[in-house]
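Student: Submitted below is the structure of interest, expressed as structure tokens.
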Amino acid sequence: MTTTLAVQMTPQGLLIPRAAFQDWGKVEVLWEKRRIIVQPQTSTQERDLVIQALRKDGLLVEMAGEPLSPPVTPEERAELAKKLSVGRPLSEIVIEERKAGW
């Protein structure tokens, strides 16, 4: 459900009428691409239940220990960029394969 509000931009920031969301209690503000979303804050109890359900189904696991591989150094990154820049762009290859019916 999307609601259009009359907001006002001031030097202090964006002013939104309190009446628009005063029944929500606590709110959270999210920035997505080219819009700002103000929505009721999800309770920590709901969040904990979701995390518990994800863990139960094996969709969320804790990663213990060191990362699987060390971070790439700038020198290694430059070397990889050089190796991967040889040949045609991947986009051209994909377009050709789509035309060929892959």
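The chains in the structure tokens are called A, B, ... from first to last as shown; in each chain the residues are counted from 1, and the ligands are counted from 1 in the order shown.
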Can you tell me which residues surround segment 19-30 of chain A at a distance of at most 9 Å, considering only C-alpha atoms, apart from same-chain residues fewer than 6 positions away, and format the answer as a list in words?
Tutor: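 Contacts, in chain order: Thr3, Leu5, Ile36, Ile37, Val38, Gln39, Pro40, Gln41 and Thr42 of chain A.
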Student: Go ahead and save the residues from that selection, with all heavy atoms, as a tab-separated table (two decimals), in the first residue's frame.
Tutor:
```tsv
chain	number	residue	atom	x	y	z
A	3	THR	N	1.26	5.35	0.01
A	3	THR	CA	0.56	6.57	0.36
A	3	THR	C	1.40	7.75	-0.07
A	3	THR	O	2.59	7.78	0.18
A	3	THR	CB	0.32	6.65	1.88
A	3	THR	OG1	-0.37	5.48	2.29
A	3	THR	CG2	-0.46	7.88	2.25
A	5	LEU	N	2.40	11.59	0.33
A	5	LEU	CA	2.37	12.58	1.40
A	5	LEU	C	2.85	13.93	0.89
A	5	LEU	O	3.68	13.99	-0.01
A	5	LEU	CB	3.29	12.16	2.55
A	5	LEU	CG	2.99	10.83	3.22
A	5	LEU	CD1	4.10	10.50	4.19
A	5	LEU	CD2	1.67	10.88	3.94
A	36	ILE	N	12.92	6.83	-0.68
A	36	ILE	CA	13.08	6.66	0.76
A	36	ILE	C	11.82	5.99	1.26
A	36	ILE	O	10.70	6.41	0.93
A	36	ILE	CB	13.28	8.01	1.46
A	36	ILE	CG1	14.56	8.68	0.97
A	36	ILE	CG2	13.32	7.83	2.97
A	36	ILE	CD1	14.72	10.11	1.45
A	37	ILE	N	11.98	4.94	2.06
A	37	ILE	CA	10.84	4.21	2.58
A	37	ILE	C	10.80	4.40	4.10
A	37	ILE	O	11.78	4.14	4.78
A	37	ILE	CB	10.93	2.71	2.24
A	37	ILE	CG1	10.95	2.53	0.73
A	37	ILE	CG2	9.79	1.95	2.89
A	37	ILE	CD1	11.21	1.11	0.30
A	38	VAL	N	9.67	4.86	4.60
A	38	VAL	CA	9.43	4.96	6.04
A	38	VAL	C	8.40	3.89	6.36
A	38	VAL	O	7.32	3.88	5.78
A	38	VAL	CB	8.90	6.36	6.42
A	38	VAL	CG1	8.66	6.43	7.92
A	38	VAL	CG2	9.86	7.45	5.98
A	39	GLN	N	8.75	2.97	7.26
A	39	GLN	CA	7.85	1.88	7.56
A	39	GLN	C	7.91	1.56	9.05
A	39	GLN	O	8.86	1.94	9.73
A	39	GLN	CB	8.20	0.64	6.74
A	39	GLN	CG	9.58	0.08	7.04
A	39	GLN	CD	9.96	-1.05	6.09
A	39	GLN	OE1	9.42	-1.16	5.01
A	39	GLN	NE2	10.89	-1.88	6.51
A	40	PRO	N	6.90	0.85	9.56
A	40	PRO	CA	6.94	0.47	10.97
A	40	PRO	C	8.18	-0.37	11.24
A	40	PRO	O	8.57	-1.19	10.40
A	40	PRO	CB	5.67	-0.35	11.17
A	40	PRO	CG	4.79	-0.04	10.02
A	40	PRO	CD	5.70	0.36	8.90
A	41	GLN	N	8.80	-0.14	12.37
A	41	GLN	CA	10.00	-0.90	12.71
A	41	GLN	C	9.59	-2.32	13.07
A	41	GLN	O	8.65	-2.54	13.84
A	41	GLN	CB	10.71	-0.24	13.89
A	41	GLN	CG	12.04	-0.85	14.21
A	41	GLN	CD	12.75	-0.09	15.32
A	41	GLN	OE1	12.11	0.36	16.26
A	41	GLN	NE2	14.03	0.06	15.20
A	42	THR	N	10.28	-3.28	12.49
A	42	THR	CA	9.97	-4.67	12.81
A	42	THR	C	10.46	-4.95	14.23
A	42	THR	O	11.52	-4.50	14.63
A	42	THR	CB	10.67	-5.64	11.83
A	42	THR	OG1	12.05	-5.35	11.80
A	42	THR	CG2	10.09	-5.50	10.44
```
Student: List every residue of segment 7-102 of chain A that DSSP, applied to the backbone of this structure, assigns to strand (DSSP E), and report them as JSON, numbers by chain.
Tutor: {"A": [8, 9, 10, 13, 14, 15, 27, 28, 29, 30, 31, 32, 35, 36, 37, 38, 39, 40]}
Student: Write out the residues from the selection above, keeping N, CA and C atoms, as a PDB file, in the first residue's frame.
Tutor:
```pdb
ATOM      1  N   GLN A   8       8.001  18.401   3.008  1.00  0.00           N
ATOM      2  CA  GLN A   8       8.641  19.692   2.816  1.00  0.00           C
ATOM      3  C   GLN A   8      10.143  19.521   3.028  1.00  0.00           C
ATOM      4  N   MET A   9      10.943  20.047   2.094  1.00  0.00           N
ATOM      5  CA  MET A   9      12.389  19.998   2.228  1.00  0.00           C
ATOM      6  C   MET A   9      12.853  21.280   2.908  1.00  0.00           C
ATOM      7  N   THR A  10      13.618  21.131   3.965  1.00  0.00           N
ATOM      8  CA  THR A  10      14.137  22.275   4.703  1.00  0.00           C
ATOM      9  C   THR A  10      15.641  22.123   4.844  1.00  0.00           C
ATOM     10  N   GLY A  13      16.456  19.043   6.713  1.00  0.00           N
ATOM     11  CA  GLY A  13      16.154  17.752   6.109  1.00  0.00           C
ATOM     12  C   GLY A  13      14.735  17.696   5.598  1.00  0.00           C
ATOM     13  N   LEU A  14      14.258  16.509   5.373  1.00  0.00           N
ATOM     14  CA  LEU A  14      12.923  16.283   4.842  1.00  0.00           C
ATOM     15  C   LEU A  14      11.929  16.199   5.995  1.00  0.00           C
ATOM     16  N   LEU A  15      10.901  17.016   5.951  1.00  0.00           N
ATOM     17  CA  LEU A  15       9.882  16.997   6.998  1.00  0.00           C
ATOM     18  C   LEU A  15       8.668  16.223   6.506  1.00  0.00           C
ATOM     19  N   VAL A  27       9.501   3.755  13.936  1.00  0.00           N
ATOM     20  CA  VAL A  27       9.606   3.580  12.488  1.00  0.00           C
ATOM     21  C   VAL A  27      11.068   3.383  12.105  1.00  0.00           C
ATOM     22  N   GLU A  28      11.263   2.806  10.932  1.00  0.00           N
ATOM     23  CA  GLU A  28      12.604   2.704  10.364  1.00  0.00           C
ATOM     24  C   GLU A  28      12.573   3.339   8.986  1.00  0.00           C
ATOM     25  N   VAL A  29      13.691   3.919   8.599  1.00  0.00           N
ATOM     26  CA  VAL A  29      13.804   4.615   7.329  1.00  0.00           C
ATOM     27  C   VAL A  29      14.816   3.867   6.481  1.00  0.00           C
ATOM     28  N   LEU A  30      14.410   3.492   5.267  1.00  0.00           N
ATOM     29  CA  LEU A  30      15.275   2.752   4.347  1.00  0.00           C
ATOM     30  C   LEU A  30      15.490   3.576   3.088  1.00  0.00           C
ATOM     31  N   TRP A  31      16.686   3.533   2.549  1.00  0.00           N
ATOM     32  CA  TRP A  31      17.008   4.206   1.292  1.00  0.00           C
ATOM     33  C   TRP A  31      17.167   3.122   0.241  1.00  0.00           C
ATOM     34  N   GLU A  32      16.295   3.122  -0.771  1.00  0.00           N
ATOM     35  CA  GLU A  32      16.353   2.146  -1.858  1.00  0.00           C
ATOM     36  C   GLU A  32      16.420   2.867  -3.178  1.00  0.00           C
ATOM     37  N   ARG A  35      14.390   6.125  -3.873  1.00  0.00           N
ATOM     38  CA  ARG A  35      13.271   6.449  -3.006  1.00  0.00           C
ATOM     39  C   ARG A  35      13.642   6.198  -1.553  1.00  0.00           C
ATOM     40  N   ILE A  36      12.923   6.835  -0.680  1.00  0.00           N
ATOM     41  CA  ILE A  36      13.083   6.657   0.756  1.00  0.00           C
ATOM     42  C   ILE A  36      11.816   5.986   1.259  1.00  0.00           C
ATOM     43  N   ILE A  37      11.979   4.944   2.059  1.00  0.00           N
ATOM     44  CA  ILE A  37      10.837   4.214   2.583  1.00  0.00           C
ATOM     45  C   ILE A  37      10.801   4.399   4.102  1.00  0.00           C
ATOM     46  N   VAL A  38       9.670   4.863   4.600  1.00  0.00           N
ATOM     47  CA  VAL A  38       9.431   4.961   6.038  1.00  0.00           C
ATOM     48  C   VAL A  38       8.402   3.892   6.358  1.00  0.00           C
ATOM     49  N   GLN A  39       8.754   2.971   7.261  1.00  0.00           N
ATOM     50  CA  GLN A  39       7.849   1.876   7.562  1.00  0.00           C
ATOM     51  C   GLN A  39       7.914   1.560   9.054  1.00  0.00           C
ATOM     52  N   PRO A  40       6.895   0.852   9.562  1.00  0.00           N
ATOM     53  CA  PRO A  40       6.939   0.473  10.971  1.00  0.00           C
ATOM     54  C   PRO A  40       8.178  -0.369  11.236  1.00  0.00           C
TER      55      PRO A  40
END
```
Student: DSSP says helix (DSSP H, G or I) for which residues of chain A? Put them as a short mmCIF file (atom, residue, chain, number, x, y, z; two decimals) with all heavy atoms, in the first residue's frame?
Tutor:
```
data_model
loop_
_atom_site.label_atom_id
_atom_site.label_comp_id
_atom_site.auth_asym_id
_atom_site.auth_seq_id
_atom_site.Cartn_x
_atom_site.Cartn_y
_atom_site.Cartn_z
N ARG A 18 3.77 14.19 11.03
CA ARG A 18 3.73 13.14 12.05
C ARG A 18 2.44 12.32 11.96
O ARG A 18 2.43 11.12 12.20
CB ARG A 18 3.87 13.75 13.43
CG ARG A 18 3.94 12.73 14.55
CD ARG A 18 4.07 13.41 15.89
NE ARG A 18 5.23 14.26 15.92
CZ ARG A 18 6.33 14.03 16.64
NH1 ARG A 18 6.35 12.96 17.41
NH2 ARG A 18 7.34 14.83 16.61
N ALA A 19 1.34 12.96 11.59
CA ALA A 19 0.06 12.27 11.50
C ALA A 19 0.11 11.12 10.50
O ALA A 19 -0.68 10.17 10.59
CB ALA A 19 -1.03 13.25 11.10
N ALA A 20 1.03 11.16 9.56
CA ALA A 20 1.11 10.13 8.52
C ALA A 20 1.50 8.77 9.10
O ALA A 20 1.13 7.74 8.55
CB ALA A 20 2.11 10.54 7.45
N GLN A 22 1.97 8.29 12.95
CA GLN A 22 2.04 8.30 14.41
C GLN A 22 1.46 7.04 15.03
O GLN A 22 1.84 6.65 16.13
CB GLN A 22 1.38 9.54 14.98
CG GLN A 22 -0.14 9.51 15.02
CD GLN A 22 -0.69 10.84 15.51
OE1 GLN A 22 -0.38 11.88 14.97
NE2 GLN A 22 -1.51 10.78 16.53
N ASP A 23 0.57 6.32 14.35
CA ASP A 23 0.01 5.08 14.89
C ASP A 23 0.99 3.92 14.80
O ASP A 23 0.74 2.86 15.37
CB ASP A 23 -1.28 4.71 14.14
CG ASP A 23 -2.38 5.73 14.35
OD1 ASP A 23 -2.32 6.47 15.35
OD2 ASP A 23 -3.29 5.80 13.51
N TRP A 24 2.08 4.08 14.10
CA TRP A 24 3.03 3.00 13.89
C TRP A 24 3.95 2.78 15.08
O TRP A 24 4.60 1.76 15.16
CB TRP A 24 3.89 3.26 12.67
CG TRP A 24 3.16 3.24 11.37
CD1 TRP A 24 1.84 2.93 11.17
CD2 TRP A 24 3.70 3.53 10.10
NE1 TRP A 24 1.54 3.02 9.83
CE2 TRP A 24 2.67 3.39 9.15
CE3 TRP A 24 4.94 3.91 9.65
CZ2 TRP A 24 2.86 3.59 7.79
CZ3 TRP A 24 5.14 4.12 8.30
CH2 TRP A 24 4.10 3.96 7.38
N THR A 44 11.97 -6.85 17.42
CA THR A 44 13.09 -7.77 17.55
C THR A 44 12.58 -9.19 17.73
O THR A 44 13.23 -10.15 17.32
CB THR A 44 14.01 -7.38 18.72
OG1 THR A 44 13.22 -7.29 19.91
CG2 THR A 44 14.70 -6.07 18.46
N GLN A 45 11.39 -9.34 18.30
CA GLN A 45 10.81 -10.67 18.47
C GLN A 45 10.51 -11.29 17.10
O GLN A 45 10.83 -12.46 16.87
CB GLN A 45 9.53 -10.59 19.30
CG GLN A 45 8.93 -11.95 19.60
CD GLN A 45 7.66 -11.84 20.43
OE1 GLN A 45 7.14 -10.77 20.64
NE2 GLN A 45 7.16 -12.97 20.89
N GLU A 46 9.92 -10.52 16.19
CA GLU A 46 9.65 -11.02 14.84
C GLU A 46 10.96 -11.39 14.15
O GLU A 46 11.06 -12.45 13.52
CB GLU A 46 8.93 -9.96 14.00
CG GLU A 46 7.48 -9.78 14.33
CD GLU A 46 6.84 -8.69 13.48
OE1 GLU A 46 7.33 -8.44 12.36
OE2 GLU A 46 5.87 -8.08 13.94
N ARG A 47 11.95 -10.52 14.27
CA ARG A 47 13.25 -10.77 13.63
C ARG A 47 13.88 -12.05 14.18
O ARG A 47 14.39 -12.88 13.43
CB ARG A 47 14.17 -9.57 13.88
CG ARG A 47 15.49 -9.67 13.19
CD ARG A 47 16.32 -8.40 13.45
NE ARG A 47 17.52 -8.38 12.67
CZ ARG A 47 18.63 -9.00 13.00
NH1 ARG A 47 18.71 -9.70 14.10
NH2 ARG A 47 19.70 -8.94 12.21
N ASP A 48 13.83 -12.23 15.50
CA ASP A 48 14.39 -13.43 16.10
C ASP A 48 13.67 -14.69 15.63
O ASP A 48 14.30 -15.73 15.39
CB ASP A 48 14.32 -13.35 17.63
CG ASP A 48 15.26 -12.27 18.20
OD1 ASP A 48 16.18 -11.84 17.46
OD2 ASP A 48 15.04 -11.87 19.36
N LEU A 49 12.35 -14.62 15.46
CA LEU A 49 11.59 -15.77 14.96
C LEU A 49 11.98 -16.11 13.52
O LEU A 49 12.11 -17.29 13.17
CB LEU A 49 10.09 -15.49 15.04
CG LEU A 49 9.48 -15.46 16.45
CD1 LEU A 49 8.04 -15.00 16.40
CD2 LEU A 49 9.59 -16.84 17.10
N VAL A 50 12.19 -15.08 12.71
CA VAL A 50 12.60 -15.31 11.32
C VAL A 50 13.98 -15.96 11.29
O VAL A 50 14.21 -16.95 10.57
CB VAL A 50 12.58 -14.00 10.52
CG1 VAL A 50 13.26 -14.17 9.17
CG2 VAL A 50 11.16 -13.50 10.34
N ILE A 51 14.91 -15.43 12.06
CA ILE A 51 16.27 -15.99 12.10
C ILE A 51 16.23 -17.44 12.59
O ILE A 51 16.90 -18.32 12.04
CB ILE A 51 17.19 -15.13 12.98
CG1 ILE A 51 17.47 -13.80 12.26
CG2 ILE A 51 18.49 -15.85 13.31
CD1 ILE A 51 18.21 -12.78 13.09
N GLN A 52 15.42 -17.70 13.61
CA GLN A 52 15.29 -19.06 14.14
C GLN A 52 14.74 -20.01 13.06
O GLN A 52 15.24 -21.13 12.90
CB GLN A 52 14.37 -19.04 15.36
CG GLN A 52 14.21 -20.38 16.03
CD GLN A 52 13.27 -20.28 17.23
OE1 GLN A 52 12.67 -19.24 17.49
NE2 GLN A 52 13.12 -21.39 17.94
N ALA A 53 13.73 -19.57 12.31
CA ALA A 53 13.15 -20.41 11.26
C ALA A 53 14.16 -20.67 10.15
O ALA A 53 14.26 -21.80 9.64
CB ALA A 53 11.90 -19.75 10.70
N LEU A 54 14.93 -19.66 9.77
CA LEU A 54 15.94 -19.84 8.73
C LEU A 54 17.02 -20.82 9.18
O LEU A 54 17.46 -21.67 8.40
CB LEU A 54 16.57 -18.49 8.36
CG LEU A 54 15.68 -17.52 7.60
CD1 LEU A 54 16.35 -16.15 7.49
CD2 LEU A 54 15.35 -18.05 6.22
N ARG A 55 17.45 -20.71 10.42
CA ARG A 55 18.46 -21.65 10.94
C ARG A 55 17.91 -23.07 10.98
O ARG A 55 18.61 -24.02 10.62
CB ARG A 55 18.90 -21.22 12.34
CG ARG A 55 19.87 -20.08 12.32
CD ARG A 55 20.58 -19.93 13.66
NE ARG A 55 21.55 -18.86 13.56
CZ ARG A 55 21.53 -17.77 14.31
NH1 ARG A 55 20.62 -17.62 15.25
NH2 ARG A 55 22.44 -16.84 14.14
N LYS A 56 16.66 -23.21 11.40
CA LYS A 56 16.03 -24.53 11.49
C LYS A 56 15.98 -25.21 10.12
O LYS A 56 16.21 -26.41 10.00
CB LYS A 56 14.62 -24.40 12.05
CG LYS A 56 13.88 -25.70 12.21
CD LYS A 56 12.48 -25.48 12.73
CE LYS A 56 11.71 -26.78 12.73
NZ LYS A 56 10.29 -26.55 13.03
N PRO A 74 46.12 -5.66 -4.13
CA PRO A 74 45.99 -4.84 -5.34
C PRO A 74 46.83 -5.38 -6.51
O PRO A 74 46.40 -5.32 -7.67
CB PRO A 74 46.50 -3.46 -4.91
CG PRO A 74 46.26 -3.43 -3.43
CD PRO A 74 46.46 -4.85 -2.96
N GLU A 75 47.99 -5.94 -6.21
CA GLU A 75 48.83 -6.51 -7.27
C GLU A 75 48.16 -7.72 -7.91
O GLU A 75 48.15 -7.88 -9.13
CB GLU A 75 50.21 -6.91 -6.72
CG GLU A 75 51.06 -5.74 -6.26
CD GLU A 75 50.69 -5.24 -4.86
OE1 GLU A 75 50.04 -5.99 -4.08
OE2 GLU A 75 51.01 -4.08 -4.57
N GLU A 76 47.59 -8.60 -7.07
CA GLU A 76 46.89 -9.77 -7.60
C GLU A 76 45.66 -9.35 -8.40
O GLU A 76 45.36 -9.93 -9.44
CB GLU A 76 46.45 -10.68 -6.45
CG GLU A 76 47.60 -11.37 -5.74
CD GLU A 76 47.14 -12.11 -4.49
OE1 GLU A 76 46.31 -11.56 -3.74
OE2 GLU A 76 47.62 -13.23 -4.27
N ARG A 77 44.96 -8.32 -7.92
CA ARG A 77 43.78 -7.83 -8.63
C ARG A 77 44.17 -7.31 -10.00
O ARG A 77 43.51 -7.57 -11.00
CB ARG A 77 43.11 -6.72 -7.81
CG ARG A 77 41.81 -6.25 -8.39
CD ARG A 77 41.22 -5.16 -7.52
NE ARG A 77 41.00 -5.66 -6.17
CZ ARG A 77 39.82 -5.83 -5.62
NH1 ARG A 77 38.75 -5.51 -6.29
NH2 ARG A 77 39.68 -6.30 -4.40
N ALA A 78 45.29 -6.57 -10.09
CA ALA A 78 45.76 -6.04 -11.38
C ALA A 78 46.14 -7.17 -12.32
O ALA A 78 45.83 -7.13 -13.52
CB ALA A 78 46.93 -5.10 -11.15
N GLU A 79 46.78 -8.20 -11.78
CA GLU A 79 47.17 -9.35 -12.60
C GLU A 79 45.94 -10.09 -13.12
O GLU A 79 45.88 -10.46 -14.30
CB GLU A 79 48.04 -10.30 -11.78
CG GLU A 79 48.58 -11.47 -12.57
CD GLU A 79 49.45 -12.39 -11.72
OE1 GLU A 79 50.01 -11.92 -10.72
OE2 GLU A 79 49.54 -13.57 -12.08
N LEU A 80 44.95 -10.28 -12.27
CA LEU A 80 43.71 -10.93 -12.70
C LEU A 80 42.99 -10.10 -13.76
O LEU A 80 42.47 -10.64 -14.74
CB LEU A 80 42.78 -11.15 -11.51
CG LEU A 80 43.15 -12.29 -10.58
CD1 LEU A 80 42.29 -12.24 -9.31
CD2 LEU A 80 43.00 -13.63 -11.27
N ALA A 81 42.95 -8.79 -13.58
CA ALA A 81 42.31 -7.92 -14.55
C ALA A 81 42.99 -8.04 -15.90
O ALA A 81 42.33 -8.07 -16.95
CB ALA A 81 42.34 -6.47 -14.07
N LYS A 82 44.30 -8.12 -15.89
CA LYS A 82 45.06 -8.25 -17.14
C LYS A 82 44.72 -9.58 -17.83
O LYS A 82 44.47 -9.62 -19.03
CB LYS A 82 46.55 -8.17 -16.83
CG LYS A 82 47.44 -7.97 -18.00
CD LYS A 82 48.87 -7.81 -17.52
CE LYS A 82 49.74 -7.21 -18.58
NZ LYS A 82 51.13 -7.04 -18.13
N LYS A 83 44.69 -10.67 -17.07
CA LYS A 83 44.38 -11.99 -17.63
C LYS A 83 42.96 -12.05 -18.18
O LYS A 83 42.71 -12.63 -19.23
CB LYS A 83 44.55 -13.08 -16.58
CG LYS A 83 45.98 -13.41 -16.24
CD LYS A 83 46.02 -14.51 -15.19
CE LYS A 83 47.44 -14.84 -14.80
NZ LYS A 83 47.48 -15.88 -13.75
N LEU A 84 42.02 -11.47 -17.45
CA LEU A 84 40.62 -11.56 -17.83
C LEU A 84 40.22 -10.58 -18.92
O LEU A 84 39.13 -10.68 -19.49
CB LEU A 84 39.72 -11.37 -16.60
CG LEU A 84 39.86 -12.46 -15.53
CD1 LEU A 84 39.08 -12.08 -14.29
CD2 LEU A 84 39.43 -13.81 -16.06
N LEU A 90 32.41 -10.47 -22.69
CA LEU A 90 31.46 -11.53 -22.39
C LEU A 90 30.08 -11.20 -22.96
O LEU A 90 29.36 -12.10 -23.42
CB LEU A 90 31.38 -11.76 -20.88
CG LEU A 90 30.45 -12.85 -20.40
CD1 LEU A 90 30.83 -14.19 -21.00
CD2 LEU A 90 30.45 -12.91 -18.89
N SER A 91 29.72 -9.92 -22.96
CA SER A 91 28.40 -9.54 -23.48
C SER A 91 28.23 -9.95 -24.94
O SER A 91 27.16 -10.39 -25.35
CB SER A 91 28.17 -8.04 -23.31
OG SER A 91 29.18 -7.32 -23.99
N GLU A 92 29.28 -9.81 -25.74
CA GLU A 92 29.21 -10.21 -27.15
C GLU A 92 29.01 -11.72 -27.27
O GLU A 92 28.24 -12.18 -28.10
CB GLU A 92 30.49 -9.79 -27.88
CG GLU A 92 30.61 -8.31 -28.11
CD GLU A 92 31.89 -7.95 -28.84
OE1 GLU A 92 32.61 -8.85 -29.32
OE2 GLU A 92 32.18 -6.74 -28.92
N ILE A 93 29.72 -12.47 -26.45
CA ILE A 93 29.61 -13.93 -26.49
C ILE A 93 28.18 -14.36 -26.12
O ILE A 93 27.58 -15.21 -26.77
CB ILE A 93 30.63 -14.57 -25.54
CG1 ILE A 93 32.06 -14.25 -26.03
CG2 ILE A 93 30.42 -16.08 -25.43
CD1 ILE A 93 33.15 -14.62 -25.06
N VAL A 94 27.61 -13.73 -25.09
CA VAL A 94 26.25 -14.06 -24.66
C VAL A 94 25.25 -13.74 -25.76
O VAL A 94 24.36 -14.54 -26.06
CB VAL A 94 25.90 -13.30 -23.36
CG1 VAL A 94 24.42 -13.43 -23.03
CG2 VAL A 94 26.75 -13.80 -22.21
N ILE A 95 25.40 -12.59 -26.42
CA ILE A 95 24.49 -12.21 -27.51
C ILE A 95 24.57 -13.22 -28.63
O ILE A 95 23.54 -13.65 -29.16
CB ILE A 95 24.80 -10.78 -27.99
CG1 ILE A 95 24.41 -9.77 -26.91
CG2 ILE A 95 24.07 -10.47 -29.29
CD1 ILE A 95 24.92 -8.36 -27.16
N GLU A 96 25.76 -13.63 -28.99
CA GLU A 96 25.93 -14.63 -30.06
C GLU A 96 25.27 -15.95 -29.69
O GLU A 96 24.61 -16.58 -30.51
CB GLU A 96 27.40 -14.84 -30.36
CG GLU A 96 28.03 -13.75 -31.17
CD GLU A 96 29.50 -14.00 -31.46
OE1 GLU A 96 29.98 -15.13 -31.20
OE2 GLU A 96 30.16 -13.07 -31.93
N GLU A 97 25.45 -16.39 -28.44
CA GLU A 97 24.87 -17.66 -28.02
C GLU A 97 23.34 -17.58 -28.01
O GLU A 97 22.66 -18.55 -28.33
CB GLU A 97 25.39 -18.04 -26.64
CG GLU A 97 26.84 -18.50 -26.68
CD GLU A 97 27.35 -18.95 -25.32
OE1 GLU A 97 26.61 -18.86 -24.32
OE2 GLU A 97 28.50 -19.39 -25.26
N ARG A 98 22.80 -16.44 -27.64
CA ARG A 98 21.34 -16.29 -27.65
C ARG A 98 20.82 -16.36 -29.08
O ARG A 98 19.76 -16.94 -29.32
CB ARG A 98 20.94 -14.98 -26.99
CG ARG A 98 21.10 -15.01 -25.50
CD ARG A 98 20.67 -13.71 -24.89
NE ARG A 98 20.85 -13.77 -23.42
CZ ARG A 98 20.77 -12.73 -22.64
NH1 ARG A 98 20.50 -11.54 -23.13
NH2 ARG A 98 20.94 -12.85 -21.34
N LYS A 99 21.54 -15.75 -30.01
CA LYS A 99 21.12 -15.79 -31.41
C LYS A 99 21.21 -17.21 -31.96
O LYS A 99 20.41 -17.61 -32.78
CB LYS A 99 21.98 -14.85 -32.26
CG LYS A 99 21.67 -13.39 -32.06
CD LYS A 99 22.56 -12.52 -32.90
CE LYS A 99 22.28 -11.05 -32.67
NZ LYS A 99 23.20 -10.18 -33.41
N ALA A 100 22.19 -17.98 -31.47
CA ALA A 100 22.38 -19.34 -31.94
C ALA A 100 21.36 -20.31 -31.32
O ALA A 100 21.28 -21.45 -31.74
CB ALA A 100 23.80 -19.81 -31.62
#
```
Student: Using atom CA of Lys33 of chain A and atom CA of Leu59 of chain A as the two end points, give the distance in Å to one decimal.
Tutor: 27.0 Å
Student: Between A:Thr4, A:Gly87, A:Val72, A:Val61, which has the minimum distance to Ile16 of chain A (counting only C-alpha atoms)?
Tutor: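 Closest residue, counting only C-alpha atoms: A:Thr4.
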Student: Do you have the atom CA of Ser43 of chain A-atom CA of Glu62 of chain A distance handy?
Tutor: 22.3 Å
